Amino acid sequence: MVNKKMKQIMKSKNILRKGFVAFAITISGILSFSISNAQCEKRDFCSDDWQDDYDFRSQSSFAKLSPGDTSSVSLVLYSNQKYRMFVCFDEKLGGLTWKIVNPERKTKRSIQSIKKDTIVTYKTNENGDFITDDNGNTIVKSRTVMIDTLWATERITVDKIMYDNKKNSDKPYFDVIPKKTERYIIKVAVPGGDPNMSGCVNVYVGRIPIASKNFNRGGNNKTNDTY
């Protein structure tokens, strides 16, 4: 009886020990990912001249990427804000390419099916009776082909390219003032190379509030103006 209880106690200890090891490994993975991004966040590969007075704290992203990797960052831009976006990276990653796209919803029409019908009319006499030939066959007066096209409509998303660092190399950043709330995506592609090597890629998204040009109501404000 005592030996049976001792075995149960030892089994429980082994389960707890395995659970603790698994928990420790999970925590270690989370910490290494956070530390990796934190290290990239602290490394600045960009010129300070690009930052001006923008606030980059809200939607900027940092990650470690390897040759051959592709990644994207989805953003929401609001009206009455001026935004500046750019990507900086470790030079050992090579000629990294990045684009800023504005996904647009469009309607696409395509032909689903085409139905053809032929309408045949026959010659008739003054009494409305069909006229036949010498063999007794009705004589065709005309043939009309009717075409009925059935269309299919679908909603698709088309990426409108707003900036391409290869085509817009004269300007290292992209500025925009949205007229309404819009969605933008920054797409990053690292050229091929040694997959065991990695480097930091920093996506900066900064904003500056724009003062409203609307009139403010001030019915309770008193002035000394006289008319």
# chains A, B, ... in the order shown; residues from 1 in each chain; ligands from 1
call {"tool": "residues_around", "arguments": {"residues": "range 85-97 of chain A", "least_positions_apart": "2", "cutoff": "10 Å", "atoms": "only C-alpha atoms", "output": "compact mmCIF listing (two decimals) with C-alpha atoms, in the first residue's frame"}}
result
# COMPACT_ATOMS: atom_id res chain seq x y z
CA CYS A 40 15.23 46.00 -33.97
CA ARG A 43 18.43 50.08 -34.03
CA ASP A 44 17.91 53.09 -36.26
CA PHE A 45 18.88 52.69 -39.92
CA CYS A 46 17.11 55.87 -41.06
CA SER A 47 18.14 59.47 -41.44
CA TRP A 50 13.12 62.00 -42.59
CA GLN A 51 11.33 62.14 -39.25
CA PHE A 56 5.87 57.48 -34.98
CA SER A 60 5.31 51.64 -36.57
CA SER A 61 6.49 48.01 -36.73
CA PHE A 62 9.81 46.21 -36.27
CA ALA A 63 10.85 42.68 -37.22
CA LYS A 64 13.75 40.41 -38.06
CA LEU A 65 13.62 39.04 -41.60
CA SER A 66 15.83 36.69 -43.60
CA PRO A 67 16.71 36.58 -47.32
CA GLY A 68 13.70 35.44 -49.35
CA THR A 70 8.13 38.70 -47.62
CA TYR A 83 1.14 60.76 -42.52
CA LYS A 99 5.71 49.22 -51.74
CA ILE A 100 2.78 51.11 -50.27
CA TYR A 163 4.72 54.27 -53.63
CA ASP A 164 7.48 51.96 -54.90
CA ASN A 165 10.98 52.47 -53.52
CA LYS A 166 12.52 51.26 -56.80
CA LYS A 171 12.22 60.42 -52.36
CA PRO A 172 12.90 57.97 -49.50
CA TYR A 173 9.48 58.40 -47.87
CA PHE A 174 5.80 58.74 -48.77
CA ASP A 175 3.56 61.55 -47.50
CA VAL A 176 -0.22 61.49 -47.68
CA ILE A 186 3.16 48.32 -46.71
CA LYS A 187 4.63 45.28 -48.47
CA VAL A 188 8.27 44.34 -47.90
CA ALA A 189 10.33 41.79 -49.87
CA VAL A 190 13.87 40.70 -49.02
CA PRO A 191 15.99 39.40 -51.94
CA GLY A 192 17.22 35.80 -51.85
CA GLY A 193 20.36 34.74 -50.07
CA ASP A 194 21.50 32.81 -47.02
CA MET A 197 21.15 35.07 -41.87
CA SER A 198 18.71 37.69 -40.58
CA GLY A 199 18.54 41.45 -40.21
CA CYS A 200 16.25 44.11 -38.80
CA VAL A 201 13.57 45.78 -40.91
CA ASN A 202 11.85 48.84 -39.46
CA VAL A 203 8.57 50.16 -40.85
CA TYR A 204 7.92 53.71 -39.69
CA VAL A 205 4.46 55.29 -39.81
CA GLY A 206 4.28 58.82 -38.44
CA ARG A 207 1.44 61.30 -38.19
call {"tool": "select_by_dssp", "arguments": {"residues": "range 175-212 of chain A", "states": "strand (DSSP E)", "output": "JSON, numbers by chain"}}
result
{"A": [175, 176, 182, 183, 184, 185, 186, 187, 188, 189, 199, 200, 201, 202, 203, 204, 205, 206, 207, 208, 209]}
call {"tool": "residues_around", "arguments": {"residues": "Ile139 in chain A", "least_positions_apart": "4", "cutoff": "6 Å", "atoms": "only C-alpha atoms", "output": "ChimeraX atom specification"}}
result
/A:122-123,132
call {"tool": "atom_distance", "arguments": {"atom1": "CA of Ile208 in chain A", "atom2": "CA of Asp53 in chain A"}}
result
7.4 Å
call {"tool": "residues_around", "arguments": {"residues": "Lys116 in chain A", "least_positions_apart": "2", "cutoff": "8 Å", "atoms": "only C-alpha atoms", "output": "VMD selection string"}}
result
chain A and resid 114 118 145 to 148
call {"tool": "write_last_selection", "arguments": {"atoms": "C-alpha atoms", "output": "compact mmCIF listing (two decimals), in the first residue's frame"}}
result
# COMPACT_ATOMS: atom_id res chain seq x y z
CA ILE A 114 -24.43 33.14 -73.77
CA THR A 118 -32.94 31.11 -83.84
CA VAL A 145 -30.62 34.77 -84.30
CA MET A 146 -31.42 36.06 -80.78
CA ILE A 147 -28.48 36.31 -78.35
CA ASP A 148 -29.13 36.47 -74.61
